[in-house]
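Undergrad: Mind looking over this structure? Questions follow.
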Amino acid sequence: MRLAMNLLIKNEADIIEDNIRFHARQGVDCFVVMDNGSDDGTRDIVSALQQEFDIHLIDRPELDYQQSNWKTEMAKISRSRLGADWSIANDADEFWVAADGNLKHDITRWGSIVYCKRINMIPDESFHSDKFHYLDSPYRVNLPILSKGCNLVENANLSIMLGNINGKVMVNNHGLLRVKGGNHRAWHLWGQLNQKESQNTAVFHFPIRSKEGFIRNVENRARLLDKGVRKMGDHYRRWVKLYKDNRIEEELERLTLSANDARTLTKFGVVTRDTSVGSRIRAQLG
């Protein structure tokens with residue numbers, strides 16, 4: 001079985017090479033990468049990696065937000081041009097970690113969709129130092145405390161990092177109809193048949209990597225919203241609102257854990273100190 005990973009990226013120069021190298025060592029055979037107008041050298045990095053890996057690179061510089069359409073397109077390209085039987089629609093800040101080191105453990109010829117749990121990794125106060133690296137984020141969310149009913153746009157005291165985030169899916173390209181949104185769901189010709197939840201793979205999410213990168217992402221979201229894009233998560237809308245109110249520094253404080261915050265949240269089981277995730281990724285990267 002041939003496994004593809006499809007990446008929709010924009011300004012991910014600090015992480016895209018790590019992402020591709022790590023997943024290639026976890027069993028991914030090929031990649032479809034769509035660059036959405038990066039201007040930080042991301043595209044050049046991917047282009048150079050084509051010398052080592054089977055990568056189909058697409059330029060899509062439009063100021064738009066067609067996640068579902070583009071990710072469905074990439075999945076179909078992974079089958080037609082790269083011969084992939086299964087595909088994963090991924091983001092540059094997500095690492096699919098298989099317990100046995102092989103992401104193919106769950107895929108079979110007659111399976112349709114495999115659901116994988118997704119977990120937020122949270123930085124501590126070291127985030128604010130010049131030496132911080134995203135893999136140094138020492139806390140994983142163990143027991144999310146925010147429900148889907150929370151209004152993240154209006155309630156500035158909430159931290160999206162402590163919320164319950166949807167998992168992601170691997171999809172059998174033979175019968176794939178559509179990848180939904182951020183790859184949280186998919187439509188398949190076989191409907192509910194042969195779907196399962198993975199006991200082998202979890203997706204670790206590192207959304208807070210640097211102050212500069214975070215603000216650049218929020219600025220891009222602001223441009224999209226100003227253009228009239230409507231399909232966007234509430235947390236992005238909240239960040240844009242805080243950015244325009246010159247309060248984005250407050251949000252960065254909420255998205256990281258002080259020593260006191262960490263002690264309290266650990267005491268009640270909301271977060272768990274876990275440096276093994278970053279260590280395992282580093283080990284795979286060599």
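If you're wondering about the labels, chains in the structure tokens are A, B, ... by order shown, residues count from 1 in each chain, ligands from 1 in order shown.
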Each residue of stretch 2-104 of chain A with at least one atom at most 12 Å from stretch 206-229 of chain A should appear once, together with its nearest atom pair and the corresponding distance in Å (one decimal); atoms considered: only C-alpha atoms; ordering: chain, then increasing residue number; output as JSON lines.
TA:
```
{"residue": "A:Ile9", "atom": "CA", "partner": "A:Asn217", "partner_atom": "CA", "distance": 11.2}
{"residue": "A:Lys10", "atom": "CA", "partner": "A:Asn217", "partner_atom": "CA", "distance": 8.6}
{"residue": "A:Asn11", "atom": "CA", "partner": "A:Gly213", "partner_atom": "CA", "distance": 8.1}
{"residue": "A:Glu12", "atom": "CA", "partner": "A:Gly213", "partner_atom": "CA", "distance": 8.3}
{"residue": "A:Ala13", "atom": "CA", "partner": "A:Gly213", "partner_atom": "CA", "distance": 9.6}
{"residue": "A:Asp14", "atom": "CA", "partner": "A:Arg209", "partner_atom": "CA", "distance": 8.5}
{"residue": "A:Ile15", "atom": "CA", "partner": "A:Arg209", "partner_atom": "CA", "distance": 8.9}
{"residue": "A:Asn19", "atom": "CA", "partner": "A:Phe206", "partner_atom": "CA", "distance": 11.2}
{"residue": "A:Asn36", "atom": "CA", "partner": "A:Asn220", "partner_atom": "CA", "distance": 11.0}
{"residue": "A:Gly37", "atom": "CA", "partner": "A:Asn220", "partner_atom": "CA", "distance": 10.7}
{"residue": "A:Ser38", "atom": "CA", "partner": "A:Asn220", "partner_atom": "CA", "distance": 10.7}
{"residue": "A:Asp39", "atom": "CA", "partner": "A:Arg216", "partner_atom": "CA", "distance": 11.0}
{"residue": "A:Asp40", "atom": "CA", "partner": "A:Gly213", "partner_atom": "CA", "distance": 10.3}
{"residue": "A:Glu62", "atom": "CA", "partner": "A:Leu224", "partner_atom": "CA", "distance": 10.3}
{"residue": "A:Leu63", "atom": "CA", "partner": "A:Leu224", "partner_atom": "CA", "distance": 6.7}
{"residue": "A:Asp64", "atom": "CA", "partner": "A:Leu224", "partner_atom": "CA", "distance": 6.5}
{"residue": "A:Tyr65", "atom": "CA", "partner": "A:Val229", "partner_atom": "CA", "distance": 6.8}
{"residue": "A:Gln66", "atom": "CA", "partner": "A:Val229", "partner_atom": "CA", "distance": 9.3}
{"residue": "A:Gln67", "atom": "CA", "partner": "A:Val229", "partner_atom": "CA", "distance": 11.6}
{"residue": "A:Asp91", "atom": "CA", "partner": "A:Pro207", "partner_atom": "CA", "distance": 9.8}
{"residue": "A:Ala92", "atom": "CA", "partner": "A:Phe206", "partner_atom": "CA", "distance": 9.0}
{"residue": "A:Asp93", "atom": "CA", "partner": "A:Phe206", "partner_atom": "CA", "distance": 5.2}
{"residue": "A:Glu94", "atom": "CA", "partner": "A:Phe206", "partner_atom": "CA", "distance": 6.3}
{"residue": "A:Phe95", "atom": "CA", "partner": "A:Phe206", "partner_atom": "CA", "distance": 8.3}
{"residue": "A:Trp96", "atom": "CA", "partner": "A:Phe206", "partner_atom": "CA", "distance": 11.5}
```
Undergrad: Pull the closest atom pair for each residue of stretch 62-91 of chain A that gets at most 12 Å from stretch 109-127 of chain A, along with the distance in Å to one decimal, counting only C-alpha atoms, ordering rows by chain and then ascending residue number, as a tab-separated table.
TA:
```
residue	atom	partner	partner_atom	distance
A:Ala84	CA	A:Arg109	CA	11.7
A:Asp85	CA	A:Arg109	CA	8.0
A:Trp86	CA	A:Ser112	CA	9.0
A:Ser87	CA	A:Ile113	CA	9.9
A:Ile88	CA	A:Val114	CA	9.9
A:Asn90	CA	A:Arg118	CA	11.6
```
Undergrad: Run DSSP on the backbone and give me the residues of stretch 12-136 of chain A it puts in strand (DSSP E), as an MDAnalysis selection string.
TA: chainID A and resid 30:35 55:59 86:90 94:98 113:122
Undergrad: Using only C-alpha atoms, can you tell me which of A:Asp100, A:Glu52, A:Glu249, A:Asp136 comes closest to A:Ala202?
TA: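 Closest to A:Ala202 of all the choices is A:Asp100.
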Undergrad: Which residues, written as a list in words, have at least one atom at most 9 Å from A:Asp29, with only C-alpha atoms counted and residues fewer than 6 positions away on the same chain left out?
TA: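 The contact residues come out as Arg2, Leu3, Ala4, Met5, His23, Phe53, Asp54 and Ala84 of chain A.
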Undergrad: Save the residues we just selected, C-alpha atoms, as a compact mmCIF listing (two decimals), in the first residue's frame?
TA:
```
# COMPACT_ATOMS: atom_id res chain seq x y z
CA ARG A 2 1.38 3.40 -1.02
CA LEU A 3 0.76 6.29 1.41
CA ALA A 4 0.77 9.99 0.47
CA MET A 5 0.80 13.09 2.64
CA HIS A 23 6.85 11.60 7.99
CA PHE A 53 11.76 12.75 -1.78
CA ASP A 54 8.88 12.03 -4.17
CA ALA A 84 -0.97 6.56 -3.71
```
Undergrad: Hey, what's within 8 Å of stretch 182-189 of chain A if we count only C-alpha atoms and toss same-chain stuff fewer than 6 positions away? As a list in words, please?
TA: Gln67, Ser68, Lys71, Ala89, Asn90, Ser112, Ile113, Asn166, Gly167, Lys168, Val169, Val171, Gly175 and Leu176 of chain A
Undergrad: Can you work out the spacing between atom CA of A:Leu8 and atom CA of A:Val33 in Å, to one decimal?
TA: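 Going from atom CA of A:Leu8 over to atom CA of A:Val33, I get 6.1 Å.
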Undergrad: Considering only C-alpha atoms, can you say which of A:Arg43, A:Gln26, A:Leu82, A:Met232 comes closest to A:Ala99?
TA: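 Nearest to A:Ala99: A:Gln26.
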Undergrad: Report, in Å to a single decimal, how far apart atom CA of A:Ser78 and atom CA of A:Phe31 are.
TA: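 These two atoms are separated by 7.4 Å.
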Undergrad: Taking only C-alpha atoms into account, name the residue in A:Ala75, A:Leu158, A:Ala48, A:Val203 that is nearest to A:His174.
TA: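 Closest residue, counting only C-alpha atoms: A:Ala75.
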Undergrad: Name the closest residue to A:Pro61 among the candidates A:Asp35, A:Asn246, A:Arg81, A:Leu143; distances are taken between atoms, counting only C-alpha atoms.
TA: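 Ranked by minimum distance to A:Pro61, first place goes to A:Asp35.
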Undergrad: Using only C-alpha atoms for the distances, tell me which of A:Arg282, A:Arg60, A:Lys244, A:Arg25 is nearest to A:Leu103.
TA: A:Arg25
Undergrad: Please extract the residues of stretch 1-236 of chain A with a backbone DSSP assignment of helix (DSSP H, G or I) and present them as a ChimeraX atom specification.
TA: /A:16-24,42-49,67-80,103-106,125-128,134-136,160-162,211-227,234-236
Undergrad: Dump C-alpha atoms for the selected residues as a compact mmCIF listing (two decimals), in the first residue's frame?
TA:
```txt
# COMPACT_ATOMS: atom_id res chain seq x y z
CA ILE A 16 8.30 22.29 6.66
CA GLU A 17 11.57 20.38 6.23
CA ASP A 18 11.17 18.74 9.66
CA ASN A 19 7.62 17.77 8.75
CA ILE A 20 8.51 16.11 5.46
CA ARG A 21 11.61 14.32 6.77
CA PHE A 22 9.83 13.01 9.86
CA HIS A 23 6.85 11.60 7.99
CA ALA A 24 9.04 10.02 5.32
CA THR A 42 9.24 27.91 2.19
CA ARG A 43 8.76 27.08 -1.48
CA ASP A 44 12.52 26.99 -2.08
CA ILE A 45 12.95 24.52 0.78
CA VAL A 46 10.30 22.19 -0.66
CA SER A 47 11.80 22.50 -4.12
CA ALA A 48 15.22 21.47 -2.77
CA LEU A 49 13.65 18.49 -0.96
CA GLN A 67 -9.30 24.26 2.25
CA SER A 68 -11.74 21.52 1.37
CA ASN A 69 -11.46 22.00 -2.40
CA TRP A 70 -7.67 22.18 -2.40
CA LYS A 71 -7.12 19.27 -0.05
CA THR A 72 -9.52 17.10 -2.06
CA GLU A 73 -7.65 18.11 -5.22
CA MET A 74 -4.31 17.12 -3.66
CA ALA A 75 -5.64 13.74 -2.54
CA LYS A 76 -6.82 12.99 -6.07
CA ILE A 77 -3.48 14.11 -7.51
CA SER A 78 -1.68 11.82 -5.05
CA ARG A 79 -3.60 8.90 -6.56
CA SER A 80 -3.50 9.84 -10.24
CA LEU A 103 1.86 4.96 9.80
CA LYS A 104 0.83 2.13 7.49
CA HIS A 105 -0.11 -0.06 10.44
CA ASP A 106 -3.78 0.99 10.15
CA GLU A 125 7.58 30.48 29.54
CA SER A 126 10.73 29.56 27.61
CA PHE A 127 8.70 30.44 24.50
CA HIS A 128 9.59 34.07 25.14
CA TYR A 134 8.82 24.44 18.99
CA LEU A 135 9.80 20.86 19.92
CA ASP A 136 10.66 22.18 23.40
CA ILE A 160 -7.89 27.84 22.50
CA MET A 161 -4.97 25.59 23.44
CA LEU A 162 -7.02 24.06 26.27
CA LYS A 211 6.01 35.18 18.05
CA GLU A 212 6.93 36.38 14.56
CA GLY A 213 5.40 33.36 12.85
CA PHE A 214 2.21 33.59 14.90
CA ILE A 215 1.71 37.26 14.10
CA ARG A 216 2.45 36.67 10.40
CA ASN A 217 -0.24 33.96 10.36
CA VAL A 218 -2.76 36.29 12.02
CA GLU A 219 -1.95 39.06 9.53
CA ASN A 220 -2.66 36.65 6.66
CA ARG A 221 -5.98 35.67 8.25
CA ALA A 222 -6.85 39.34 8.57
CA ARG A 223 -6.24 39.85 4.84
CA LEU A 224 -8.48 36.88 4.04
CA LEU A 225 -11.31 38.16 6.22
CA ASP A 226 -10.98 41.66 4.78
CA LYS A 227 -11.29 40.12 1.31
CA ASP A 234 -13.63 31.25 15.37
CA HIS A 235 -10.17 31.16 16.94
CA TYR A 236 -8.72 32.83 13.84
```
Undergrad: Of the candidates A:Thr108, A:Gly286, A:Ala98, A:Asn164, which shows the shortest atom-to-atom distance to A:Gln195, using only C-alpha atoms?
TA: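 Among A:Thr108, A:Gly286, A:Ala98, A:Asn164, it is A:Thr108 that comes nearest to A:Gln195.
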